[in-house]
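This is my_file27.txt. It holds compact mmCIF, C-alpha atoms.
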# COMPACT_ATOMS: atom_id res chain seq x y z
CA MET A 1 -13.29 26.01 19.75
CA PRO A 2 -11.22 23.11 18.37
CA THR A 3 -9.48 23.44 15.03
CA THR A 4 -11.42 21.96 12.12
CA HIS A 5 -9.73 19.84 9.45
CA ARG A 6 -11.37 18.36 6.37
CA ILE A 7 -10.93 14.57 6.33
CA ARG A 8 -11.79 12.06 3.65
CA ILE A 9 -11.94 8.28 3.62
CA VAL A 10 -10.95 6.91 0.23
CA ASP A 11 -11.13 3.30 -0.97
CA ALA A 12 -8.03 2.65 -3.07
CA PHE A 13 -7.29 0.08 -5.77
CA THR A 14 -10.99 -0.15 -6.58
CA ASP A 15 -13.72 1.83 -8.31
CA ARG A 16 -16.49 0.69 -5.94
CA PRO A 17 -17.16 1.73 -2.33
CA PHE A 18 -16.51 -0.81 0.43
CA THR A 19 -13.88 -2.71 -1.56
CA GLY A 20 -10.15 -2.13 -2.01
CA ASN A 21 -8.18 -0.57 0.85
CA PRO A 22 -9.57 2.39 2.81
CA ALA A 23 -7.27 5.26 3.79
CA GLY A 24 -7.78 8.51 5.62
CA VAL A 25 -6.52 11.62 3.82
CA LEU A 26 -5.96 15.05 5.39
CA LEU A 27 -4.74 18.10 3.47
CA LEU A 28 -2.93 20.38 5.94
CA ASP A 29 -1.14 23.73 5.92
CA ALA A 30 1.84 22.15 7.71
CA PHE A 31 2.54 19.01 9.75
CA PRO A 32 1.54 19.36 13.42
CA GLU A 33 3.36 17.42 16.13
CA ASP A 34 3.92 13.73 15.45
CA SER A 35 1.76 12.82 18.44
CA TRP A 36 -1.23 14.59 16.85
CA LEU A 37 -0.69 12.81 13.54
CA GLN A 38 -0.51 9.46 15.33
CA ASN A 39 -3.61 10.19 17.40
CA VAL A 40 -5.59 11.00 14.26
CA ALA A 41 -4.41 7.82 12.54
CA THR A 42 -5.33 5.78 15.61
CA GLU A 43 -8.77 7.42 15.68
CA VAL A 44 -9.33 6.79 11.94
CA ASN A 45 -8.21 3.19 12.54
CA HIS A 46 -7.67 2.24 8.90
CA ALA A 47 -4.52 0.56 7.68
CA GLU A 48 -3.11 3.98 6.80
CA THR A 49 -3.90 7.66 7.17
CA ALA A 50 -2.06 10.06 4.86
CA PHE A 51 -1.13 13.61 5.82
CA VAL A 52 -0.05 16.03 3.10
CA HIS A 53 0.81 19.71 2.77
CA ARG A 54 1.94 21.89 -0.11
CA LEU A 55 5.62 22.78 -0.44
CA PRO A 56 7.07 26.07 -1.77
CA ALA A 57 7.32 26.27 -5.56
CA GLY A 58 10.64 25.55 -7.25
CA GLY A 59 11.75 22.57 -5.16
CA GLU A 60 12.17 18.92 -6.08
CA ALA A 61 8.70 18.08 -4.76
CA ASP A 62 5.28 19.74 -4.75
CA TRP A 63 3.82 18.24 -1.57
CA ALA A 64 5.14 16.66 1.62
CA LEU A 65 3.49 13.33 2.43
CA ARG A 66 3.57 11.10 5.51
CA TRP A 67 1.74 7.87 6.34
CA PHE A 68 0.66 6.53 9.74
CA THR A 69 -0.92 3.21 10.66
CA PRO A 70 -3.01 3.02 13.86
CA ALA A 71 0.26 2.16 15.64
CA THR A 72 3.22 3.86 13.92
CA GLU A 73 4.61 5.90 11.03
CA VAL A 74 5.82 3.90 8.01
CA ASP A 75 8.38 4.51 5.26
CA LEU A 76 6.22 3.64 2.26
CA CYS A 77 2.52 3.18 1.52
CA GLY A 78 0.95 2.67 -1.89
CA HIS A 79 -2.78 2.73 -1.26
CA ALA A 80 -2.70 5.91 0.85
CA THR A 81 -0.55 7.60 -1.81
CA LEU A 82 -3.13 6.62 -4.43
CA ALA A 83 -5.88 7.92 -2.15
CA THR A 84 -4.03 11.22 -1.67
CA ALA A 85 -3.44 11.68 -5.41
CA HIS A 86 -7.14 10.99 -5.97
CA VAL A 87 -8.16 13.66 -3.44
CA LEU A 88 -5.79 16.24 -4.94
CA GLN A 89 -7.22 15.52 -8.38
CA VAL A 90 -10.94 15.58 -7.54
CA THR A 91 -10.65 18.69 -5.35
CA GLY A 92 -8.58 20.57 -7.93
CA ALA A 93 -5.73 21.06 -5.47
CA ALA A 94 -3.28 19.67 -8.04
CA GLU A 95 -3.25 18.94 -11.75
CA GLY A 96 -0.98 16.75 -13.87
CA PRO A 97 1.92 14.82 -12.32
CA VAL A 98 2.40 15.41 -8.59
CA ARG A 99 5.73 14.99 -6.78
CA PHE A 100 5.61 13.95 -3.13
CA ALA A 101 8.52 14.29 -0.70
CA THR A 102 8.44 11.19 1.52
CA ARG A 103 10.62 9.02 3.73
CA SER A 104 11.25 6.90 0.61
CA GLY A 105 12.39 9.82 -1.53
CA VAL A 106 10.41 11.72 -4.13
CA LEU A 107 7.41 9.74 -5.41
CA THR A 108 5.49 10.88 -8.48
CA THR A 109 1.83 10.21 -9.26
CA THR A 110 0.06 10.83 -12.56
CA ALA A 111 -3.73 11.01 -12.89
CA HIS A 112 -5.15 9.80 -16.21
CA ALA A 113 -8.29 10.77 -18.11
CA ASP A 114 -9.84 7.33 -17.49
CA GLY A 115 -9.77 7.89 -13.73
CA THR A 116 -6.75 5.73 -12.97
CA VAL A 117 -3.66 6.97 -11.15
CA THR A 118 -0.12 5.71 -11.77
CA MET A 119 2.47 5.88 -9.01
CA ASP A 120 6.24 5.79 -9.62
CA PHE A 121 7.81 3.92 -6.68
CA PRO A 122 11.27 2.47 -6.00
CA THR A 123 11.55 -1.22 -6.85
CA ALA A 124 12.19 -3.30 -3.75
CA PRO A 125 15.41 -5.33 -3.76
CA LEU A 126 14.85 -9.07 -3.39
CA THR A 127 17.44 -11.11 -1.50
CA PRO A 128 16.93 -14.86 -1.08
CA ALA A 129 16.56 -15.76 2.59
CA ALA A 130 16.27 -18.87 4.68
CA VAL A 131 12.86 -19.76 6.04
CA PRO A 132 12.90 -18.40 9.61
CA ASP A 133 12.36 -20.95 12.35
CA GLY A 134 8.66 -21.12 13.13
CA ALA A 135 7.59 -19.01 10.12
CA ALA A 136 5.84 -21.86 8.32
CA GLU A 137 3.87 -22.73 11.44
CA ALA A 138 2.96 -19.06 12.05
CA LEU A 139 1.83 -18.60 8.46
CA GLY A 140 0.10 -21.96 8.24
CA ALA A 141 1.79 -23.09 5.00
CA GLU A 142 5.20 -24.30 3.87
CA PRO A 143 7.07 -21.68 1.79
CA LEU A 144 8.58 -22.65 -1.56
CA ALA A 145 10.96 -19.68 -1.31
CA VAL A 146 11.50 -16.64 0.92
CA TYR A 147 12.98 -13.23 0.02
CA ASP A 148 13.95 -10.21 2.06
CA THR A 149 12.52 -7.03 0.49
CA GLY A 150 15.00 -4.47 1.84
CA ALA A 151 14.96 -1.71 4.42
CA HIS A 152 12.12 0.48 3.11
CA LEU A 153 9.57 -2.34 3.01
CA GLY A 154 10.94 -4.53 5.77
CA ASP A 155 8.80 -7.49 4.65
CA LEU A 156 9.43 -11.12 3.88
CA LEU A 157 8.07 -12.17 0.48
CA VAL A 158 6.94 -15.78 0.74
CA GLU A 159 6.11 -17.87 -2.33
CA LEU A 160 3.52 -20.56 -1.70
CA ALA A 161 2.46 -23.60 -3.71
CA ASP A 162 -0.66 -22.25 -5.40
CA GLU A 163 -3.48 -19.71 -5.33
CA LYS A 164 -5.70 -21.92 -3.19
CA THR A 165 -3.03 -22.07 -0.48
CA VAL A 166 -2.73 -18.27 -0.41
CA ARG A 167 -6.49 -17.78 -0.23
CA SER A 168 -6.96 -20.30 2.57
CA LEU A 169 -4.29 -18.94 4.95
CA THR A 170 -5.34 -18.39 8.57
CA PRO A 171 -2.06 -17.27 10.15
CA ASP A 172 -1.15 -16.81 13.78
CA HIS A 173 -0.75 -13.03 13.67
CA LYS A 174 1.00 -12.76 17.03
CA ALA A 175 3.57 -15.35 15.98
CA LEU A 176 4.14 -13.57 12.64
CA THR A 177 5.48 -10.51 14.47
CA GLN A 178 8.68 -12.43 15.18
CA HIS A 179 9.67 -12.92 11.56
CA SER A 180 10.07 -9.53 9.85
CA LYS A 181 10.49 -5.79 10.44
CA ARG A 182 7.05 -4.97 8.99
CA GLY A 183 5.16 -8.01 7.72
CA ILE A 184 4.73 -11.05 5.49
CA ILE A 185 3.67 -10.98 1.83
CA ALA A 186 2.36 -14.38 0.73
CA THR A 187 2.03 -14.96 -3.01
CA ALA A 188 1.45 -17.57 -5.71
CA ARG A 189 0.87 -17.75 -9.44
CA ALA A 190 -2.73 -17.24 -10.58
CA GLU A 191 -4.62 -20.47 -11.11
CA ASP A 192 -6.35 -19.06 -14.21
CA PRO A 193 -4.86 -15.86 -15.74
CA ALA A 194 -8.00 -15.56 -17.90
CA ARG A 195 -9.72 -14.20 -14.80
CA GLY A 196 -7.78 -10.96 -15.26
CA TYR A 197 -4.80 -11.29 -12.93
CA ASP A 198 -1.39 -12.97 -13.14
CA TYR A 199 -0.64 -13.63 -9.48
CA VAL A 200 -2.32 -13.43 -6.09
CA SER A 201 -1.06 -12.15 -2.78
CA ARG A 202 -2.08 -11.45 0.80
CA GLY A 203 -0.31 -9.15 3.24
CA PHE A 204 -0.05 -9.57 7.02
CA PHE A 205 1.45 -6.71 9.06
CA PRO A 206 0.64 -7.23 12.76
CA ARG A 207 3.88 -5.52 13.85
CA VAL A 208 2.49 -2.18 12.65
CA GLY A 209 -1.04 -2.76 13.90
CA ILE A 210 -2.58 -4.37 10.79
CA ASP A 211 -3.31 -8.10 11.02
CA GLU A 212 -4.23 -8.27 7.32
CA ASP A 213 -4.05 -5.35 4.89
CA PRO A 214 -6.80 -5.36 2.23
CA VAL A 215 -4.62 -4.18 -0.69
CA THR A 216 -0.95 -3.28 -0.18
CA GLY A 217 0.44 -1.08 -2.95
CA SER A 218 3.95 -1.00 -1.51
CA ALA A 219 4.11 -4.82 -1.45
CA HIS A 220 3.74 -4.77 -5.22
CA THR A 221 7.13 -3.08 -5.55
CA ALA A 222 8.44 -6.49 -4.50
CA LEU A 223 5.78 -8.60 -6.19
CA ALA A 224 6.37 -6.89 -9.57
CA PRO A 225 10.06 -7.86 -9.94
CA PHE A 226 9.40 -11.30 -8.46
CA TRP A 227 6.66 -12.22 -10.93
CA SER A 228 8.03 -10.29 -13.91
CA GLN A 229 11.17 -12.41 -13.76
CA ARG A 230 9.17 -15.65 -13.58
CA LEU A 231 6.52 -14.77 -16.14
CA GLY A 232 8.79 -12.93 -18.56
CA ARG A 233 6.67 -9.76 -18.81
CA ALA A 234 7.21 -6.26 -17.46
CA GLU A 235 3.48 -5.47 -17.25
CA LEU A 236 1.33 -7.61 -14.96
CA THR A 237 -1.80 -7.44 -12.82
CA GLY A 238 -1.87 -8.64 -9.23
CA LEU A 239 -4.93 -9.54 -7.18
CA GLN A 240 -4.66 -9.08 -3.44
CA ALA A 241 -7.05 -11.76 -2.27
CA SER A 242 -8.24 -10.26 1.01
CA ALA A 243 -11.89 -10.13 2.03
CA ARG A 244 -12.22 -6.66 0.41
CA SER A 245 -9.91 -7.51 -2.52
CA GLY A 246 -8.33 -5.23 -5.11
CA LEU A 247 -6.34 -5.16 -8.36
CA VAL A 248 -2.93 -3.53 -8.84
CA ARG A 249 -1.46 -3.12 -12.32
CA THR A 250 2.33 -3.19 -12.21
CA GLU A 251 5.02 -2.27 -14.71
CA LEU A 252 8.65 -3.03 -13.90
CA ARG A 253 11.13 -0.39 -15.07
CA GLY A 254 14.41 -1.47 -13.54
CA ASP A 255 14.89 0.27 -10.22
CA ARG A 256 11.42 1.83 -10.46
CA THR A 257 8.02 0.14 -10.40
CA LEU A 258 4.84 1.74 -11.73
CA LEU A 259 1.66 0.91 -9.81
CA THR A 260 -1.70 1.79 -11.35
CA GLY A 261 -5.14 1.67 -9.78
CA ARG A 262 -8.38 3.49 -9.15
CA ALA A 263 -9.84 5.12 -6.05
CA VAL A 264 -13.20 6.39 -4.84
CA THR A 265 -14.07 8.75 -1.98
CA VAL A 266 -16.66 7.21 0.35
CA ILE A 267 -16.73 9.63 3.32
CA GLU A 268 -15.98 13.33 3.63
CA GLY A 269 -16.39 15.36 6.80
CA ASP A 270 -14.83 17.52 9.51
CA LEU A 271 -12.29 16.47 12.11
CA TYR A 272 -12.52 18.56 15.29
CA ALA A 273 -9.12 18.34 16.94
Before we go any further, please render this structure as structure tokens.
Amino acid sequence: MPTTHRIRIVDAFTDRPFTGNPAGVLLLDAFPEDSWLQNVATEVNHAETAFVHRLPAGGEADWALRWFTPATEVDLCGHATLATAHVLQVTGAAEGPVRFATRSGVLTTTAHADGTVTMDFPTAPLTPAAVPDGAAEALGAEPLAVYDTGAHLGDLLVELADEKTVRSLTPDHKALTQHSKRGIIATARAEDPARGYDYVSRGFFPRVGIDEDPVTGSAHTALAPFWSQRLGRAELTGLQASARSGLVRTELRGDRTLLTGRAVTVIEGDLYA
């Protein structure tokens, strides 16, 4: 008989099913071989699948956490971390702040009484960069500015003229793979902040098997410092304007960025593998 694992599909950065960003979440006793983790993530075929197991008491972290796309393991993922914190909370596996040991250091999540979860992530460093040859053509819009987001993200942050330009992008995904380690984050100021968000973004990550990510929590560790500097406020709300869409509340605290959102479990079942 195959081993049975409980698996959940959680929509993150939303409070409604079929919106936000879906992630697979598996609570394990220990991490199996990397090939098994990758096979599961490929089978789940969402932007990310999170694998987590409890660590011995008394250490710097409570749980070990890893993230896999359908194609590879990644250093940092926001929506799957939110999804994992949500599962730990609703199942009673953890209470209060939770510390995760990850490839990006120890990340802490805090579940609140209103159902939101706040994640404490490292702020991405932003280094001005030249527009790579062919990047404007691949993206389908002329950048106003381009920034490198550092080793953990491996993205290019690209500022575009306005919200309409971001929303109307139809990039050449294959061509985009030539221009960053992980992907491209396209962003612009909100056309009307009265709608409940301060800036918009879209994220394209074909190099790791995701043409367009619905809502990218990790990208907001770069978007938060970028827009906080321009708008003069530490606390902002970003809308990722994908087809599924989602809101991410951000608070810049120097070298740390707080990301807050909601999540909802939409599928729960058994994995036989």
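The interatomic distance for the pair atom CA of Phe13 of chain A and atom CA of Ala263 of chain A works out to 5.7 Å.
Using only C-alpha atoms, the protein and nucleic acid residues lying no more than 7 Å from segment 81-85 of chain A, apart from those fewer than 5 places from it along its own chain, are Val10, Ala12, Ala23, Val25, Ala50, Thr109, Val117 and Ala263 of chain A.
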Selection export as a CSV table (one decimal), in the frame of the given file, atoms kept: C-alpha atoms:
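Okay, this is what ended up in part_5.csv:
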chain,number,residue,atom,x,y,z
A,10,VAL,CA,-11.0,6.9,0.2
A,12,ALA,CA,-8.0,2.6,-3.1
A,23,ALA,CA,-7.3,5.3,3.8
A,25,VAL,CA,-6.5,11.6,3.8
A,50,ALA,CA,-2.1,10.1,4.9
A,109,THR,CA,1.8,10.2,-9.3
A,117,VAL,CA,-3.7,7.0,-11.2
A,263,ALA,CA,-9.8,5.1,-6.0
| request: Excluding Leu28 of chain A and residues on its chain fewer than 5 positions from it, collect all residues at most 10 Å away from it, counting all atoms listed in the file, and give them as a list of chain:residue names. | output: A:His5, A:Arg6, A:Ile7, A:Phe51, A:Val52, A:His53, A:Arg54, A:Ala64
What are the closest atom pairs, with distances in Å to one decimal, for each residue of segment 59-108 of chain A lying within 10 Å of segment 251-260 of chain A, using all atoms listed in the file, rows by chain and rising residue number, as a Markdown table?
| residue | atom | partner | partner_atom | distance |
| --- | --- | --- | --- | --- |
| A:Gly78 | CA | A:Leu259 | CA | 8.1 |
| A:His79 | CA | A:Leu259 | CA | 9.8 |
| A:Leu82 | CA | A:Thr260 | CA | 8.6 |
| A:Thr108 | CA | A:Leu258 | CA | 9.7 |
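Atom CA of Ala111 of chain A sits 24.9 Å away from atom CA of His152 of chain A.
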Polymer residues at most 8 Å from segment 223-237 of chain A, only C-alpha atoms, same-chain spacing of 4 or more positions, as an mmCIF file with C-alpha atoms, keeping the file's coordinate frame:
data_model
loop_
_atom_site.group_PDB
_atom_site.id
_atom_site.type_symbol
_atom_site.label_atom_id
_atom_site.label_comp_id
_atom_site.auth_asym_id
_atom_site.auth_seq_id
_atom_site.Cartn_x
_atom_site.Cartn_y
_atom_site.Cartn_z
ATOM 1 C CA THR A 123 11.550 -1.220 -6.850
ATOM 2 C CA ALA A 124 12.190 -3.300 -3.750
ATOM 3 C CA LEU A 126 14.850 -9.070 -3.390
ATOM 4 C CA LEU A 157 8.070 -12.170 0.480
ATOM 5 C CA GLY A 196 -7.780 -10.960 -15.260
ATOM 6 C CA TYR A 197 -4.800 -11.290 -12.930
ATOM 7 C CA ASP A 198 -1.390 -12.970 -13.140
ATOM 8 C CA TYR A 199 -0.640 -13.630 -9.480
ATOM 9 C CA ALA A 219 4.110 -4.820 -1.450
ATOM 10 C CA LEU A 247 -6.340 -5.160 -8.360
ATOM 11 C CA VAL A 248 -2.930 -3.530 -8.840
ATOM 12 C CA ARG A 249 -1.460 -3.120 -12.320
ATOM 13 C CA THR A 250 2.330 -3.190 -12.210
ATOM 14 C CA GLU A 251 5.020 -2.270 -14.710
ATOM 15 C CA LEU A 252 8.650 -3.030 -13.900
ATOM 16 C CA ARG A 253 11.130 -0.390 -15.070
ATOM 17 C CA THR A 257 8.020 0.140 -10.400
#
Find the spatial neighbours of Lys181 of chain A, counting all atoms listed in the file, within a cut-off of 9 Å - ignore same-chain residues fewer than 3 positions away - and output them as a PDB file with C-alpha atoms, keeping the file's coordinate frame.
ATOM      1  CA  ALA A 151      14.960  -1.710   4.420  1.00  0.00           C
ATOM      2  CA  LEU A 153       9.570  -2.340   3.010  1.00  0.00           C
ATOM      3  CA  GLY A 154      10.940  -4.530   5.770  1.00  0.00           C
ATOM      4  CA  ASP A 155       8.800  -7.490   4.650  1.00  0.00           C
ATOM      5  CA  LEU A 156       9.430 -11.120   3.880  1.00  0.00           C
ATOM      6  CA  THR A 177       5.480 -10.510  14.470  1.00  0.00           C
ATOM      7  CA  GLN A 178       8.680 -12.430  15.180  1.00  0.00           C
ATOM      8  CA  ARG A 207       3.880  -5.520  13.850  1.00  0.00           C
TER       9      ARG A 207
END
| message | Using only C-alpha atoms, list the residues that have an atom at most 12 Å from (-5.6, 12.6, 15.5), coordinates as in the file, as a VMD selection string. | response | chain A and resid 3 to 5 7 24 to 26 31 to 45 49 to 51 68 to 71 271 to 273
For segment 242-251 of chain A, take all atoms listed in the file, fit an axis-aligned box around them, add 3 Å to each of the six sides, then output centre and edge lengths in Å rounded to one decimal, as JSON.
{"center_x": -3.6, "center_y": -6.3, "center_z": -6.3, "size_x": 23.2, "size_y": 14.0, "size_z": 22.7}
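Reported to one decimal place, the separation of atom CA of Arg66 of chain A from atom CA of Gly96 of chain A is 20.7 Å.
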Assuming the input is short of atoms at segment 229-258 of chain A, produce N, CA and C atoms for that part as an mmCIF file, in the coordinates of the input.
data_model
loop_
_atom_site.group_PDB
_atom_site.id
_atom_site.type_symbol
_atom_site.label_atom_id
_atom_site.label_comp_id
_atom_site.auth_asym_id
_atom_site.auth_seq_id
_atom_site.Cartn_x
_atom_site.Cartn_y
_atom_site.Cartn_z
ATOM 1 N N GLN A 229 10.067 -11.514 -13.421
ATOM 2 C CA GLN A 229 11.170 -12.410 -13.760
ATOM 3 C C GLN A 229 10.646 -13.807 -14.102
ATOM 4 N N ARG A 230 9.669 -14.289 -13.357
ATOM 5 C CA ARG A 230 9.170 -15.650 -13.580
ATOM 6 C C ARG A 230 8.248 -15.754 -14.795
ATOM 7 N N LEU A 231 7.483 -14.712 -15.047
ATOM 8 C CA LEU A 231 6.520 -14.770 -16.140
ATOM 9 C C LEU A 231 7.032 -14.142 -17.419
ATOM 10 N N GLY A 232 8.163 -13.461 -17.355
ATOM 11 C CA GLY A 232 8.790 -12.930 -18.560
ATOM 12 C C GLY A 232 8.095 -11.721 -19.154
ATOM 13 N N ARG A 233 7.370 -10.956 -18.331
ATOM 14 C CA ARG A 233 6.670 -9.760 -18.810
ATOM 15 C C ARG A 233 6.848 -8.623 -17.818
ATOM 16 N N ALA A 234 7.048 -7.419 -18.339
ATOM 17 C CA ALA A 234 7.210 -6.260 -17.460
ATOM 18 C C ALA A 234 5.885 -5.780 -16.910
ATOM 19 N N GLU A 235 4.796 -5.958 -17.665
ATOM 20 C CA GLU A 235 3.480 -5.470 -17.250
ATOM 21 C C GLU A 235 2.606 -6.642 -16.792
ATOM 22 N N LEU A 236 2.128 -6.544 -15.547
ATOM 23 C CA LEU A 236 1.330 -7.610 -14.960
ATOM 24 C C LEU A 236 0.198 -7.004 -14.138
ATOM 25 N N THR A 237 -0.732 -7.855 -13.720
ATOM 26 C CA THR A 237 -1.800 -7.440 -12.820
ATOM 27 C C THR A 237 -1.829 -8.396 -11.634
ATOM 28 N N GLY A 238 -1.792 -7.833 -10.444
ATOM 29 C CA GLY A 238 -1.870 -8.640 -9.230
ATOM 30 C C GLY A 238 -3.203 -8.473 -8.538
ATOM 31 N N LEU A 239 -3.723 -9.564 -8.000
ATOM 32 C CA LEU A 239 -4.930 -9.540 -7.180
ATOM 33 C C LEU A 239 -4.538 -9.775 -5.734
ATOM 34 N N GLN A 240 -4.844 -8.815 -4.861
ATOM 35 C CA GLN A 240 -4.660 -9.080 -3.440
ATOM 36 C C GLN A 240 -5.953 -9.689 -2.920
ATOM 37 N N ALA A 241 -5.867 -10.944 -2.518
ATOM 38 C CA ALA A 241 -7.050 -11.760 -2.270
ATOM 39 C C ALA A 241 -7.516 -11.687 -0.822
ATOM 40 N N SER A 242 -7.664 -10.464 -0.317
ATOM 41 C CA SER A 242 -8.240 -10.260 1.010
ATOM 42 C C SER A 242 -9.759 -10.309 0.914
ATOM 43 N N ALA A 243 -10.433 -10.131 2.041
ATOM 44 C CA ALA A 243 -11.890 -10.130 2.030
ATOM 45 C C ALA A 243 -12.447 -8.978 1.191
ATOM 46 N N ARG A 244 -11.755 -7.801 1.202
ATOM 47 C CA ARG A 244 -12.220 -6.660 0.410
ATOM 48 C C ARG A 244 -11.696 -6.734 -1.014
ATOM 49 N N SER A 245 -10.503 -7.229 -1.213
ATOM 50 C CA SER A 245 -9.910 -7.510 -2.520
ATOM 51 C C SER A 245 -9.607 -6.235 -3.313
ATOM 52 N N GLY A 246 -8.656 -6.345 -4.242
ATOM 53 C CA GLY A 246 -8.330 -5.230 -5.110
ATOM 54 C C GLY A 246 -7.279 -5.626 -6.136
ATOM 55 N N LEU A 247 -7.270 -4.904 -7.266
ATOM 56 C CA LEU A 247 -6.340 -5.160 -8.360
ATOM 57 C C LEU A 247 -5.290 -4.071 -8.432
ATOM 58 N N VAL A 248 -4.038 -4.469 -8.665
ATOM 59 C CA VAL A 248 -2.930 -3.530 -8.840
ATOM 60 C C VAL A 248 -2.228 -3.882 -10.146
ATOM 61 N N ARG A 249 -2.227 -2.941 -11.087
ATOM 62 C CA ARG A 249 -1.460 -3.120 -12.320
ATOM 63 C C ARG A 249 -0.034 -2.670 -12.063
ATOM 64 N N THR A 250 0.927 -3.502 -12.449
ATOM 65 C CA THR A 250 2.330 -3.190 -12.210
ATOM 66 C C THR A 250 3.105 -3.183 -13.520
ATOM 67 N N GLU A 251 4.091 -2.299 -13.580
ATOM 68 C CA GLU A 251 5.020 -2.270 -14.710
ATOM 69 C C GLU A 251 6.422 -2.085 -14.164
ATOM 70 N N LEU A 252 7.282 -3.065 -14.391
ATOM 71 C CA LEU A 252 8.650 -3.030 -13.900
ATOM 72 C C LEU A 252 9.523 -2.231 -14.845
ATOM 73 N N ARG A 253 10.201 -1.209 -14.312
ATOM 74 C CA ARG A 253 11.130 -0.390 -15.070
ATOM 75 C C ARG A 253 12.455 -0.303 -14.332
ATOM 76 N N GLY A 254 13.127 -1.439 -14.222
ATOM 77 C CA GLY A 254 14.410 -1.470 -13.540
ATOM 78 C C GLY A 254 14.280 -1.155 -12.071
ATOM 79 N N ASP A 255 14.925 -0.063 -11.641
ATOM 80 C CA ASP A 255 14.890 0.270 -10.220
ATOM 81 C C ASP A 255 13.642 1.044 -9.821
ATOM 82 N N ARG A 256 12.699 1.207 -10.765
ATOM 83 C CA ARG A 256 11.420 1.830 -10.460
ATOM 84 C C ARG A 256 10.287 0.879 -10.858
ATOM 85 N N THR A 257 9.205 0.932 -10.108
ATOM 86 C CA THR A 257 8.020 0.140 -10.400
ATOM 87 C C THR A 257 6.815 1.068 -10.485
ATOM 88 N N LEU A 258 6.065 0.963 -11.581
ATOM 89 C CA LEU A 258 4.840 1.740 -11.730
ATOM 90 C C LEU A 258 3.656 0.929 -11.231
#
